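Contents: one structure, followed by commentary.
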Amino acid sequence: MSLLELSGVDKKFRGLHALSDVEMSVSEGEIVGVIGPNGAGKTTLFNVICGALKPDSGSVRFSGTDVTGRKPETIARRGMVRTFQLMRPFASMTVAENVSLAAQHHTRGAARLRDHATEVVARVGLEEWAHRPATELPTAGLKRLELARALAARPRVLLLDEVLAGLLPAEREPVLDLLAELREQDGTTLVFIEHIMAAVMRLSDRVLVLDQGAVLATGTPDEVTADPRVIDAYLGEEPTTDADA
Ligand SMILES: Nc1ncnc2c1ncn2[C@@H]1O[C@H](COP(=O)(O)OP(=O)(O)OP(=O)(O)O)[C@@H](O)[C@H]1O
Ligand SMILES: [Mg+2]
């Protein structure tokens, strides 16, 4: 049985068909990569799954329950937690305080809350930053904090929206190791949106390709990267570099 199941999900923004009849099924413990061009609907898909947006039609089932259109807090409390493409920590708080805040609905008692926050901060490698303002973090640190805030909620399914974007190759490695460890040690199910194909190839059991709001292909990383339609719609694109800007 699948842990997360989308059926016929449709979402329009005025004239724009952002999601079109999307079917998706994720099993417990699976790692699914979501790829596709800019504007394909990847973040919108997460917004629908996590309750930030209500689909116009179709359903989202999580762990056997229909959660379509439920509030984000309700869905998070049930164990489905996402990170945001644009990180938005509370600037007036320290790194540890930001993580504690994210943990508070999921951990009872001040001492346990503090211990859990400390453990999560260490797990993402931010110990040395724990008591500094979140605003002082460089990009790589902000990404780790975003991950820590999601982990603080003890996710059963973790949805990651471009957690590697803006990181140097050397900064990506420990994050990739952590994601692999989350599945191996904690049994966490991961769905991750990513443009960095090396990461998609390394982590994914299965890849879902979105193009103009529709599922263009699903399969193993090898299958989708060999699919001419995927190459045509996405992989054949010249990557944008600073030199092009
Ligand atoms: N709240 C909104 N209101 C109106 N249009 C929106 C809204 N959110 C997204 N869109 C539009 O829907 C389309 C899909 O956007 P989305 O952010 O889901 O793409 P994406 O695949 O995540 O792209 P990227 O790779 O750039 O992050 C885009 O054309 C976007 O402009
Ligand atoms: Mg996006």
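In the structure tokens, chains take letters A, B, ... by order of appearance, with residues numbered from 1 within each chain and ligands from 1 in the order shown.
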Which residues are near ligand 2 in this structure, taking near to mean any atom at most 12 Å from a ligand atom and counting only C-alpha atoms and all ligand atoms? Format them as a PDB file with C-alpha atoms, in the first residue's frame.
ATOM      1  CA  ALA A  18      -0.258  24.596 -12.994  1.00  0.00           C
ATOM      2  CA  VAL A  34      10.807  15.244  -8.654  1.00  0.00           C
ATOM      3  CA  ILE A  35      12.367  16.994 -11.652  1.00  0.00           C
ATOM      4  CA  GLY A  36      11.217  19.291 -14.426  1.00  0.00           C
ATOM      5  CA  PRO A  37      11.823  22.714 -15.970  1.00  0.00           C
ATOM      6  CA  ASN A  38      11.290  25.985 -14.099  1.00  0.00           C
ATOM      7  CA  GLY A  39       7.586  26.624 -13.772  1.00  0.00           C
ATOM      8  CA  ALA A  40       6.676  22.939 -14.324  1.00  0.00           C
ATOM      9  CA  GLY A  41       4.567  22.895 -11.165  1.00  0.00           C
ATOM     10  CA  LYS A  42       6.935  21.148  -8.742  1.00  0.00           C
ATOM     11  CA  THR A  43       6.513  23.575  -5.832  1.00  0.00           C
ATOM     12  CA  THR A  44       2.784  23.800  -6.540  1.00  0.00           C
ATOM     13  CA  LEU A  45       2.663  20.017  -6.204  1.00  0.00           C
ATOM     14  CA  PHE A  46       4.201  20.267  -2.718  1.00  0.00           C
ATOM     15  CA  ASN A  47       1.802  23.085  -1.824  1.00  0.00           C
ATOM     16  CA  THR A  83      10.877  22.475   3.513  1.00  0.00           C
ATOM     17  CA  PHE A  84      10.484  25.738   1.629  1.00  0.00           C
ATOM     18  CA  GLN A  85      12.355  26.674  -1.530  1.00  0.00           C
ATOM     19  CA  LEU A  86      12.765  30.166  -0.080  1.00  0.00           C
ATOM     20  CA  LEU A 160      12.306  18.756   0.232  1.00  0.00           C
ATOM     21  CA  ASP A 161      12.102  21.689  -2.162  1.00  0.00           C
ATOM     22  CA  GLU A 162      15.556  22.244  -3.653  1.00  0.00           C
ATOM     23  CA  VAL A 163      17.580  21.834  -0.457  1.00  0.00           C
ATOM     24  CA  ALA A 165      20.213  24.935  -4.510  1.00  0.00           C
ATOM     25  CA  PHE A 192      12.645  15.763  -3.127  1.00  0.00           C
ATOM     26  CA  ILE A 193      12.491  18.410  -5.835  1.00  0.00           C
ATOM     27  CA  GLU A 194      15.943  18.917  -7.272  1.00  0.00           C
ATOM     28  CA  HIS A 195      17.636  20.400 -10.322  1.00  0.00           C
ATOM     29  CA  LEU A 210       6.763  17.137 -14.414  1.00  0.00           C
ATOM     30  CA  GLY A 213       1.922  20.717 -14.878  1.00  0.00           C
TER      31      GLY A 213
END
(Q) If DSSP is run on the backbone, what residues of region 21-195 of chain A are helix (DSSP H, G or I)? A reply as a ChimeraX atom specification would be ideal. (A) /A:42-49,72-77,95-103,110-123,127-129,134-136,139-151,169-186
(Q) Give me, as a list in words, all polymer residues having an atom no more than 12 Å from Arg229 (chain A), counting only C-alpha atoms and skipping those fewer than 4 positions away in the same chain. (A) Gly36, Val209, Leu210, Asp211, Val215, Leu216, Ala217, Thr218, Glu223, Val224, Thr225, Ala233, Tyr234, Leu235 and Gly236 of chain A
Q | Contact residues around region 136-147 of chain A with only C-alpha atoms at 8 Å, ignoring same-chain residues under 2 positions, as a list in words | A |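 My reading of the contact set: Thr83, Phe84, Met87, Arg88, Pro89, Val95, Val99, Val121, Val124, Gly125, Leu126, Trp129, Arg132, Pro133, Ala134, Arg149, Ala150, Leu151, Val163, Leu164, Gly166, Leu167, Glu171 and Val175 of chain A.
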Can you write just those residues out, N, CA and C atoms, as a PDB file, in the first residue's frame?
ATOM      1  N   THR A  83      10.008  21.313   3.399  1.00  0.00           N
ATOM      2  CA  THR A  83      10.877  22.475   3.513  1.00  0.00           C
ATOM      3  C   THR A  83      10.457  23.456   2.428  1.00  0.00           C
ATOM      4  N   PHE A  84      10.845  24.707   2.591  1.00  0.00           N
ATOM      5  CA  PHE A  84      10.484  25.738   1.629  1.00  0.00           C
ATOM      6  C   PHE A  84      11.660  26.084   0.736  1.00  0.00           C
ATOM      7  N   MET A  87      13.939  29.985   2.027  1.00  0.00           N
ATOM      8  CA  MET A  87      14.031  29.779   3.472  1.00  0.00           C
ATOM      9  C   MET A  87      13.516  31.016   4.190  1.00  0.00           C
ATOM     10  N   ARG A  88      12.781  30.801   5.257  1.00  0.00           N
ATOM     11  CA  ARG A  88      12.275  31.958   5.977  1.00  0.00           C
ATOM     12  C   ARG A  88      12.316  31.722   7.496  1.00  0.00           C
ATOM     13  N   PRO A  89      13.519  31.656   8.052  1.00  0.00           N
ATOM     14  CA  PRO A  89      13.614  31.505   9.504  1.00  0.00           C
ATOM     15  C   PRO A  89      13.209  32.801  10.193  1.00  0.00           C
ATOM     16  N   VAL A  95      19.481  30.113  15.963  1.00  0.00           N
ATOM     17  CA  VAL A  95      19.276  28.870  15.211  1.00  0.00           C
ATOM     18  C   VAL A  95      18.523  27.857  16.080  1.00  0.00           C
ATOM     19  N   VAL A  99      14.658  26.110  15.669  1.00  0.00           N
ATOM     20  CA  VAL A  99      14.401  24.666  15.623  1.00  0.00           C
ATOM     21  C   VAL A  99      13.416  24.278  16.732  1.00  0.00           C
ATOM     22  N   VAL A 121      19.789  20.066  15.755  1.00  0.00           N
ATOM     23  CA  VAL A 121      20.795  21.056  15.336  1.00  0.00           C
ATOM     24  C   VAL A 121      22.129  20.357  15.075  1.00  0.00           C
ATOM     25  N   VAL A 124      22.196  18.195  11.763  1.00  0.00           N
ATOM     26  CA  VAL A 124      22.426  18.909  10.494  1.00  0.00           C
ATOM     27  C   VAL A 124      23.763  19.658  10.486  1.00  0.00           C
ATOM     28  N   GLY A 125      24.553  19.488  11.566  1.00  0.00           N
ATOM     29  CA  GLY A 125      25.898  20.067  11.596  1.00  0.00           C
ATOM     30  C   GLY A 125      25.938  21.552  11.892  1.00  0.00           C
ATOM     31  N   LEU A 126      24.961  22.037  12.674  1.00  0.00           N
ATOM     32  CA  LEU A 126      24.945  23.474  13.002  1.00  0.00           C
ATOM     33  C   LEU A 126      25.265  23.766  14.473  1.00  0.00           C
ATOM     34  N   TRP A 129      26.647  27.008  15.476  1.00  0.00           N
ATOM     35  CA  TRP A 129      25.801  28.164  15.184  1.00  0.00           C
ATOM     36  C   TRP A 129      24.586  28.229  16.095  1.00  0.00           C
ATOM     37  N   ARG A 132      23.599  31.482  17.789  1.00  0.00           N
ATOM     38  CA  ARG A 132      23.764  32.729  17.031  1.00  0.00           C
ATOM     39  C   ARG A 132      22.485  33.035  16.259  1.00  0.00           C
ATOM     40  N   PRO A 133      22.267  34.322  15.965  1.00  0.00           N
ATOM     41  CA  PRO A 133      21.041  34.669  15.240  1.00  0.00           C
ATOM     42  C   PRO A 133      20.986  33.971  13.876  1.00  0.00           C
ATOM     43  N   ALA A 134      19.801  33.523  13.497  1.00  0.00           N
ATOM     44  CA  ALA A 134      19.636  32.815  12.226  1.00  0.00           C
ATOM     45  C   ALA A 134      20.087  33.679  11.045  1.00  0.00           C
ATOM     46  N   ARG A 149      14.510  22.459  10.756  1.00  0.00           N
ATOM     47  CA  ARG A 149      13.142  22.820  11.176  1.00  0.00           C
ATOM     48  C   ARG A 149      12.150  21.750  10.746  1.00  0.00           C
ATOM     49  N   ALA A 150      12.382  21.170   9.570  1.00  0.00           N
ATOM     50  CA  ALA A 150      11.490  20.089   9.124  1.00  0.00           C
ATOM     51  C   ALA A 150      11.710  18.832   9.969  1.00  0.00           C
ATOM     52  N   LEU A 151      12.969  18.508  10.248  1.00  0.00           N
ATOM     53  CA  LEU A 151      13.262  17.305  11.034  1.00  0.00           C
ATOM     54  C   LEU A 151      12.738  17.413  12.460  1.00  0.00           C
ATOM     55  N   VAL A 163      16.697  21.596  -1.617  1.00  0.00           N
ATOM     56  CA  VAL A 163      17.580  21.834  -0.457  1.00  0.00           C
ATOM     57  C   VAL A 163      19.038  22.004  -0.851  1.00  0.00           C
ATOM     58  N   LEU A 164      19.390  21.634  -2.093  1.00  0.00           N
ATOM     59  CA  LEU A 164      20.794  21.753  -2.497  1.00  0.00           C
ATOM     60  C   LEU A 164      21.079  23.026  -3.282  1.00  0.00           C
ATOM     61  N   GLY A 166      22.015  26.519  -4.486  1.00  0.00           N
ATOM     62  CA  GLY A 166      22.870  27.554  -3.900  1.00  0.00           C
ATOM     63  C   GLY A 166      24.036  27.007  -3.096  1.00  0.00           C
ATOM     64  N   LEU A 167      24.132  25.672  -2.982  1.00  0.00           N
ATOM     65  CA  LEU A 167      25.262  25.094  -2.242  1.00  0.00           C
ATOM     66  C   LEU A 167      26.409  24.759  -3.196  1.00  0.00           C
ATOM     67  N   GLU A 171      29.612  21.402  -0.294  1.00  0.00           N
ATOM     68  CA  GLU A 171      28.587  21.600   0.749  1.00  0.00           C
ATOM     69  C   GLU A 171      27.403  20.650   0.555  1.00  0.00           C
ATOM     70  N   VAL A 175      24.879  16.992   3.081  1.00  0.00           N
ATOM     71  CA  VAL A 175      23.407  17.021   3.057  1.00  0.00           C
ATOM     72  C   VAL A 175      22.881  15.738   2.414  1.00  0.00           C
TER      73      VAL A 175
END
(Q) If I take CA of Arg61 (chain A) and CA of Ile196 (chain A), how far is one from the other in Å, to one decimal? (A)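 The value is 28.5 Å.
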Skipping near chain neighbours, those fewer than 2 positions away, what residues fall within 10 Å of Leu53 (chain A) using only C-alpha atoms, listed as an mmCIF file with N, CA, C and O atoms, in the first residue's frame?
data_model
loop_
_atom_site.group_PDB
_atom_site.id
_atom_site.type_symbol
_atom_site.label_atom_id
_atom_site.label_comp_id
_atom_site.auth_asym_id
_atom_site.auth_seq_id
_atom_site.Cartn_x
_atom_site.Cartn_y
_atom_site.Cartn_z
ATOM 1 N N LYS A 11 -4.814 21.797 -10.675
ATOM 2 C CA LYS A 11 -4.779 23.126 -10.054
ATOM 3 C C LYS A 11 -4.571 24.188 -11.128
ATOM 4 O O LYS A 11 -3.610 24.124 -11.897
ATOM 5 N N THR A 44 4.249 23.836 -6.655
ATOM 6 C CA THR A 44 2.784 23.800 -6.540
ATOM 7 C C THR A 44 2.321 22.410 -6.089
ATOM 8 O O THR A 44 1.414 22.288 -5.253
ATOM 9 N N LEU A 45 2.978 21.394 -6.608
ATOM 10 C CA LEU A 45 2.663 20.017 -6.204
ATOM 11 C C LEU A 45 2.849 19.853 -4.685
ATOM 12 O O LEU A 45 1.984 19.311 -3.996
ATOM 13 N N PHE A 46 3.962 20.339 -4.173
ATOM 14 C CA PHE A 46 4.201 20.267 -2.718
ATOM 15 C C PHE A 46 3.151 21.081 -1.953
ATOM 16 O O PHE A 46 2.688 20.668 -0.898
ATOM 17 N N ASN A 47 2.806 22.249 -2.497
ATOM 18 C CA ASN A 47 1.802 23.085 -1.824
ATOM 19 C C ASN A 47 0.464 22.365 -1.725
ATOM 20 O O ASN A 47 -0.233 22.480 -0.711
ATOM 21 N N VAL A 48 0.127 21.613 -2.746
ATOM 22 C CA VAL A 48 -1.134 20.852 -2.723
ATOM 23 C C VAL A 48 -1.018 19.671 -1.744
ATOM 24 O O VAL A 48 -1.913 19.424 -0.944
ATOM 25 N N ILE A 49 0.116 18.975 -1.782
ATOM 26 C CA ILE A 49 0.289 17.807 -0.903
ATOM 27 C C ILE A 49 0.217 18.230 0.566
ATOM 28 O O ILE A 49 -0.407 17.561 1.395
ATOM 29 N N CYS A 50 0.842 19.363 0.882
ATOM 30 C CA CYS A 50 0.953 19.776 2.288
ATOM 31 C C CYS A 50 -0.157 20.703 2.752
ATOM 32 O O CYS A 50 -0.120 21.182 3.880
ATOM 33 N N GLY A 51 -1.104 20.973 1.915
ATOM 34 C CA GLY A 51 -2.278 21.722 2.359
ATOM 35 C C GLY A 51 -2.179 23.237 2.243
ATOM 36 O O GLY A 51 -3.092 23.938 2.644
ATOM 37 N N PRO A 55 -6.425 21.699 -4.161
ATOM 38 C CA PRO A 55 -6.542 21.434 -5.596
ATOM 39 C C PRO A 55 -7.959 21.730 -6.080
ATOM 40 O O PRO A 55 -8.903 21.687 -5.290
ATOM 41 N N ASP A 56 -8.100 22.033 -7.370
ATOM 42 C CA ASP A 56 -9.431 22.255 -7.936
ATOM 43 C C ASP A 56 -10.190 20.932 -8.018
ATOM 44 O O ASP A 56 -11.398 20.890 -7.855
ATOM 45 N N THR A 68 -6.958 15.817 1.503
ATOM 46 C CA THR A 68 -7.106 16.888 0.506
ATOM 47 C C THR A 68 -7.688 18.148 1.138
ATOM 48 O O THR A 68 -8.762 18.090 1.760
ATOM 49 N N GLY A 69 -6.962 19.257 0.992
ATOM 50 C CA GLY A 69 -7.473 20.532 1.469
ATOM 51 C C GLY A 69 -7.419 20.712 2.978
ATOM 52 O O GLY A 69 -7.872 21.739 3.492
ATOM 53 N N ARG A 70 -6.854 19.728 3.713
ATOM 54 C CA ARG A 70 -6.690 19.923 5.163
ATOM 55 C C ARG A 70 -5.643 21.004 5.414
ATOM 56 O O ARG A 70 -4.782 21.259 4.573
ATOM 57 N N LYS A 71 -5.693 21.582 6.612
ATOM 58 C CA LYS A 71 -4.740 22.650 6.944
ATOM 59 C C LYS A 71 -3.309 22.108 7.009
ATOM 60 O O LYS A 71 -3.095 20.975 7.453
ATOM 61 N N PRO A 72 -2.332 22.937 6.618
ATOM 62 C CA PRO A 72 -0.937 22.501 6.675
ATOM 63 C C PRO A 72 -0.529 21.972 8.064
ATOM 64 O O PRO A 72 0.180 20.975 8.161
#
Q: Record the distance separating CA of Lys12 (chain A) and CA of Met197 (chain A), expressed in Å with one decimal.
A: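 Result for CA of Lys12 (chain A) versus CA of Met197 (chain A): 28.3 Å, one decimal.
Comparing A:Ala214, A:Leu203, A:Ala130, A:Leu113 by their smallest distance to ligand 1, the closest is A:Ala214 (using only C-alpha atoms and all ligand atoms).
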Q | Test item: residues at most 6 Å from region 185-188 of chain A, only C-alpha atoms, excluding those fewer than 2 positions along its chain, as a list in words | A | Gly29, Arg156, Val157, Glu181, Leu182 and Arg183 of chain A
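Here the question is which of A:Arg154, A:Arg114, A:Arg123, A:Arg172 gets nearest to Arg82 (chain A) using only C-alpha atoms, and that residue is A:Arg154.
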Q.
Can you pull out every residue from region 32-163 of chain A that DSSP, working from the backbone, puts in strand (DSSP E or B), and format the result as number ranges by chain?
A. A: 32-35, 57-62, 65-66, 80-82, 94, 133, 157-161
Q: Kindly indicate which residue among A:Ala226, A:Ala111, A:Leu190, A:Ala91 lies nearest to Leu158 (chain A), using only C-alpha atoms for the distances.
A: A:Leu190
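Reported to one decimal place, the separation of atom 26 (O, counted along the ligand's line) of ligand 1 from CA of Leu6 (chain A) is 21.7 Å.
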